[in-house]
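Scroll down for the structure; my scribbles are underneath it.
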Amino acid sequence: MGIKFIALIQRESTVDPRMLSQRSFFASFRLFRENGQECGVARYLTDGFREVGDLLKGVAGVPNEQLQDSFLGYEMGEEVRITFTVDNEEIVSKLGFNSKAA
């Protein structure tokens with residue numbers, strides 16, 4: 001029996017105070033258990049959805065099709081949810097979250 005998790009990913013931006021006309025984008029990546037308990041603090045990844053997708057696909061085995069379905073919503077600024085099931089708790093740490101908070 002697997003353990004179900006929900007990844008919440010949202011595109012966020014920041015402005016360099018020295019160059020106000022330039023915006024940088026990054027992905028806010030949060031991980032929750034099925035019961036809503038958060039697995040530590042959010043991660044902020046500078047390579048955006050691609051970096052989060054690589055982690056979810058490589059570490060948690062999330063299918064590429066599931067990631068592609070979520071990409072458009074992410075690009076439009078929506079918070080996207082990706083639900084996946086894993087066999088053990090160590091995946092939480094491999095994704096960069098605190099397994100003790102899980």
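Starting from 1 in every chain, residues are counted up; chains themselves are A, B, ... following the order of the structure tokens, and ligands are numbered from 1 as listed.
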Can you write out as a Markdown table which residues of region 17-74 of chain A fall within 7 Å of region 81-96 of chain A, alongside each residue's closest atom pair and its distance in Å to one decimal, counting only C-alpha atoms and ordering rows by chain and ascending residue number?
| residue | atom | partner | partner_atom | distance |
| --- | --- | --- | --- | --- |
| A:Leu55 | CA | A:Leu95 | CA | 6.5 |
| A:Val59 | CA | A:Ile91 | CA | 6.8 |
| A:Ala60 | CA | A:Val86 | CA | 6.5 |
| A:Val62 | CA | A:Phe84 | CA | 6.5 |
Check the DSSP output for the backbone and give back, as a ChimeraX atom specification, the residues of region 30-92 of chain A in helix (DSSP H, G or I). /A:48-60,64-75,90-92
Export C-alpha atoms of the chosen residues as a compact mmCIF listing (two decimals), in the first residue's frame?
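Saved to out32.txt:
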# COMPACT_ATOMS: atom_id res chain seq x y z
CA GLY A 48 10.73 26.80 -12.55
CA PHE A 49 8.36 24.02 -13.48
CA ARG A 50 11.05 22.14 -15.39
CA GLU A 51 13.12 21.68 -12.23
CA VAL A 52 10.11 20.60 -10.16
CA GLY A 53 9.03 18.25 -12.96
CA ASP A 54 12.48 16.66 -13.11
CA LEU A 55 12.37 16.04 -9.36
CA LEU A 56 8.86 14.59 -9.39
CA LYS A 57 9.54 12.41 -12.41
CA GLY A 58 12.99 11.22 -11.35
CA VAL A 59 12.45 10.75 -7.62
CA ALA A 60 8.73 10.09 -7.19
CA ASN A 64 5.42 12.83 -17.87
CA GLU A 65 1.80 13.08 -19.09
CA GLN A 66 0.63 14.18 -15.64
CA LEU A 67 3.30 16.90 -15.59
CA GLN A 68 2.43 18.10 -19.09
CA ASP A 69 -1.24 18.39 -18.14
CA SER A 70 -0.28 20.74 -15.28
CA PHE A 71 2.22 22.89 -17.17
CA LEU A 72 -0.29 25.18 -18.91
CA GLY A 73 -1.99 26.08 -15.62
CA TYR A 74 1.41 26.82 -14.10
CA GLU A 75 2.35 29.11 -17.00
CA GLU A 90 12.35 8.43 2.11
CA ILE A 91 10.96 10.05 -1.05
CA VAL A 92 10.06 13.10 1.07
What is the distance, in Å and to one decimal place, between CA of Arg33 (chain A) and CA of Thr14 (chain A)? 28.6 Å
Residues within 7 Å of Leu8 (chain A), please, as a PyMOL selection string. Count only C-alpha atoms; anything in the same chain fewer than 3 positions from it doesn't count. chain A and resi 29-31+79-82
Limited to C-alpha atoms, could you put the picked residues into a file as a short mmCIF file (atom, residue, chain, number, x, y, z; two decimals), in the first residue's frame?
data_model
loop_
_atom_site.label_atom_id
_atom_site.label_comp_id
_atom_site.auth_asym_id
_atom_site.auth_seq_id
_atom_site.Cartn_x
_atom_site.Cartn_y
_atom_site.Cartn_z
CA PHE A 29 7.05 23.93 -4.56
CA ARG A 30 5.15 22.64 -1.50
CA LEU A 31 4.48 19.05 -0.49
CA GLU A 79 -1.40 26.94 -8.38
CA VAL A 80 -1.34 23.42 -9.77
CA ARG A 81 -1.81 20.20 -7.80
CA ILE A 82 -0.09 16.98 -8.70
#
Run DSSP on the backbone and give me the residues of chain A it puts in strand (DSSP E), as a ChimeraX atom specification. /A:3-16,19-33,43-45,80-86
Measuring atom to atom with only C-alpha atoms, identify which of A:Pro63, A:Pro17, A:Ile9, A:Gln22 is nearest to Tyr44 (chain A). A:Ile9
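CA of Ala27 (chain A) lies 23.4 Å from CA of Lys100 (chain A).
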CA of Leu45 (chain A) sits from CA of Phe26 (chain A) at a separation of 5.6 Å
Selected residue, from A:Met19, A:Met1, A:Ala7, A:Met76, that lies nearest to Arg43 (chain A) when counting only C-alpha atoms: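 Of all the options, A:Ala7 lies closest to Arg43 (chain A).
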Go through A:Gln10, A:Lys4, A:Ser21, A:Gly77 one by one, measure the shortest atom-to-atom distance of each to Gly36 (chain A) using only C-alpha atoms, and give the residue with the smallest value.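 Closest to Gly36 (chain A) of all the choices is A:Lys4.
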Check the smallest atom-to-atom distance from each of A:Phe5, A:Glu78, A:Asp16, A:Ser24 to Glu38 (chain A) using only C-alpha atoms, then report the winner.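 Under the stated criterion, the closest residue is A:Phe5.
The nearest approach to Arg11 (chain A) among the residues A:Thr46, A:Ser28, A:Gln37, A:Asn98, with only C-alpha atoms taken into account, belongs to A:Ser28.
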